[in-house]
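K.L.:
Here it is, the structure, as structure tokens.
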Amino acid sequence: MNMEIISQFLILAVIFCNFFLLSSYSTLDLVKLAAVQGVLTALLPLLAEGSFGGEALAFAFSVIVLKGFFFPFILRRLIKRNNSYEEKKREYSGALSAVLYLFIFFISVWLSVKLQFEVKTFAWVVPASFMTIFSGLFLIILRSQTVSQIVGYMVLENGIYCFGLAVFVQQPLMVEAAILLDIFVAVFVMGMAVFHIGREFNDADSESLMELREDHGQEGGA
Amino acid sequence: MNFFLSFLFFYSADNFFELSLFLILMPAAMGIISFFVPTNTQRRKILFMGAFFHFLLTMIILLPFMSENKYPAIAQQTLLLSSFSCNTENAVFLAISSALFLGACIYSLRYLQLEERNIRKDEEGFILNDEPEALFTAFMLFFLSAMTLVCLSSHMGLLWAAVEATTLFSAPLIYFHRSRKSLEATWKYLVVCSVGIAIALLGTFFLSLSASNSGGSLYLSDLLTSGTFNTLWLKLAFVFLFVGYGTKMGLAPLHTWLPDAHSEAPSVVSALLSGALLNCAFLGIWKSHSILASAGLGNFSSSIMTAFGLFTVLISAVFILNQREYKRALAYSSVENMGLMSLLLGISGASGIRSVDKLIFINAAGHSLIKAGMFFAAGMILFYYKTKKVSEVGEMAEKTPFTAFFWFLGFILLAGAPPSPLFFPKFFIFKAFLMSGNYLLSFLMFFLFTVIFAGFARMFLSMVFAQAGTNVEIKEEKIMLLPSGLFFFAGTVLFFLFFYFSRG
């Protein structure tokens, strides 16, 4: 029973993380929030199983090290190096971010009810995972700092991980490890790309990346 | 060499798993070794050896396949790792990827030598400082490993991980020239494809959920024989998998990364992206469709694939017609061919014609061979003229007659005129719509093929015969056109083989 209460608190915390992620414009805050959310989602499977078996514990530990410590370490270094602490443009104010959050919240709950989930683990885990997925997508679309877009990808992945827990998708350990390894390499390679963007453009904002587009000028003028 | 000969003689379907694992890990191991060797010459040798042995082993793997026709998916309970299998699709796509990679490596041996001596500026005047060869060689070999894993995996989760790995290992290859534009292309590629593939992961979980009554296993062998699915979840799973893998495959409107990445990557990488990587993503969609077809929902997936296929061909025709850059035009032609493959699979699902599979194979193989050959030639044109713009390249027939010959031959083959293997799929689509009474769609396809042909003709004729925009002295590197020639020849052989066997 205690496990159940702790899990509900964790899920609530994941939902709150989404709100802060959507309303924050400081890249350092985004990194911290995504890390906290990553650690929370890594703890959920342990509580769901109710037992702390060696394999599950080792896997959760790797996820925590990766999402809670390694990713923030890389991203913070990138932010400092590129001096990209803040978003340049603020597309929407605090009030609007609350509206966006509410919109995502209701859509996620509606989806979960509509799709008639048989949740095998905790209540609210499905809406929480949908919210996290939507928040990640919105971060990628709405933020222009490249680091924020990486955070968006991490949040999206947190949501998918959370959903995997909700439906209790258990796959062979090698497959889970391969998925985790991919996410590690993805953030690493994206980090390398941001490092080069910062060096090449003296700015790590994706607004600088606007050169490649279709050229439909007159013949000869191209 | 004895080691490989022993494989040849003692190999049977029983040790398929060990050989598959070796085939996947060998290039990766050679990639790691290439990173630590001291000279670039040694690296090039390792790259070539990796490609050559991979090709040899692929042929060995496929030998018993030819006679036994099918490998059973290996029982999953024996080993956690036993997630490999080989059926017709896997075999064809593996053979294409391996052959293409070997051709690309032969091309890159000289290409890397030329790049080493070629200090130049990009269009904005920045000096291009190429990526270290150690990185290039290592990532090429990692990329080959990931593609092999895609072709051999029989577990939808593992397939996902492998497709994502192909994105991550090919991204640094696109940034080889270290120009601003290539960096932008790399970033777009990484973000768009990673998000797309993340959506496919969600689709994979939906797939597991839809099969939860039969244990939720993601092994293809279980999924194809299960029969008990939750229909709503299975349909949702297909939509997500289609969007995810479709992004990677370059289906419109999810293709935005493709022209940028193909035009900014070195030509040898463009050839691999276009010829091998897109097929790998298509394999993901094909497998998802097979699961739906086995569950009796083939019509649902077919209608989605047909609609997206049509839209993709339409979009590619629009962009090819008014294209100002030749590498981008080739990229849009890849988009068109992916659309055609999606369309073929859609038509086969709706009509239940199994022989369409052969047309998909010939489209995939033909497109890969011809497009890779074209990208190799495009790389040489870029090397001679230092521009990607069609208007600034001209008089190729006089200045670079060999390249002009291959460039023009490639145009004929790419446009689908016989003896191009791409003729059959196009003709079939036109005929299938006509026979089923969809006269409007049939006319639309004919119109789009004509538009694409016209767009290409304008571009190729202008490059080969028109007055040059710039006046440059050129010394042709004829040896670099050897892989193009071989690939075009293989494509033509495919045409005659298909023609011969389909007569009966």
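By order of appearance in the structure tokens: chains A, B, ..., then residues from 1 within every chain, and ligands from 1 in the order shown.
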Provide as a list in words the residues of chain A at most 6 Å from chain B, counting only C-alpha atoms.
P.N.:
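Listing them in order of chain and number gives Val175, Ala178, Ile179, Leu209 and Gly220 of chain A.
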K.L.:
Find the residues near Glu395 in chain B: any atom within 7 Å, counting only C-alpha atoms, skip ones fewer than 5 places away on the same chain, and give them as a list in words.
P.N.:
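The residues satisfying every condition are Met463, Val464, Phe465, Ala466, Gln467 and Ala468 of chain B.
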K.L.:
Under the rule that only C-alpha atoms are counted, which of A:Leu22, A:Leu12, A:Phe73, A:Glu4 is the nearest residue to Leu47 in chain A?
P.N.:
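Nearest candidate to Leu47 in chain A out of A:Leu22, A:Leu12, A:Phe73, A:Glu4: A:Glu4.
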K.L.:
Report, in Å to a single decimal, how far apart CA of Ala331 in chain B and CA of Tyr107 in chain B are.
P.N.:
19.4 Å
K.L.:
Which residue out of B:Ile32, B:Ala211, B:Leu343, B:Leu234 has the minimum interatomic distance to Ala134 in chain B when only C-alpha atoms are used?
P.N.:
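Of B:Ile32, B:Ala211, B:Leu343, B:Leu234, the one nearest Ala134 in chain B is B:Ile32, counting only C-alpha atoms.
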K.L.:
Quick one: residues within 9 Å of Met374 in chain B, only C-alpha atoms, excluding same-chain residues fewer than 3 positions away - as an NGL selection string?
P.N.:
:B and (271 or 330 or 369-371 or 377-379 or 406-407 or 410-411 or 414 or 484 or 488)
K.L.:
Find the distance between CA of Phe84 in chain B and CA of Ser274 in chain B and write it in Å to one decimal.
P.N.:
24.6 Å
K.L.:
Counting only C-alpha atoms, which residue out of A:Asn2, A:Phe69, A:Thr146, A:Phe105 sits closest to Thr27 in chain A?
P.N.:
A:Thr146
K.L.:
Using only C-alpha atoms, which residues sit within 12 Å of Lys67 in chain A once same-chain residues fewer than 2 positions away are excluded, as a PyMOL selection string?
P.N.:
chain A and resi 31-43+60-65+69-75+151+154-155+157-158+161+180-181+183-184+187-188
K.L.:
In Å to one decimal, how far is CA of Ile291 in chain B from CA of Thr148 in chain B?
P.N.:
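According to the coordinates, CA of Thr148 in chain B and CA of Ile291 in chain B are separated by 21.6 Å.
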K.L.:
As a PyMOL selection string, please: the residues near Ala317 in chain B (cut-off 10 Å, only C-alpha atoms, same-chain neighbours under 3 positions excluded).
P.N.:
chain B and resi 311-314+320-323+329+332-333+335-336+447-456
K.L.:
Name all residues at most 12 Å from Gly296 in chain B (count only C-alpha atoms; drop same-chain ones fewer than 6 positions away) and give them as a list in words.
P.N.:
Leu224, Thr225, Ser226, Gly227, Thr228, Phe229, Asn230, Thr231, Leu234, Lys235, His289, Ser290, Ser302, Gly349, Ala350 and Gly352 of chain B
K.L.:
For the structure I just gave you, how does DSSP split range 80-222 of chain A - specifically, which residues are alpha helix (DSSP H)? Reply as a PyMOL selection string.
P.N.:
chain A and resi 80-82+94-114+125-142+146-166+173-201
K.L.:
Just the residues within 7 Å of Ala372 in chain B, please, counting only C-alpha atoms, with nothing from its chain fewer than 4 positions along; format it as a ChimeraX atom specification.
P.N.:
/B:271-272,275,368,376
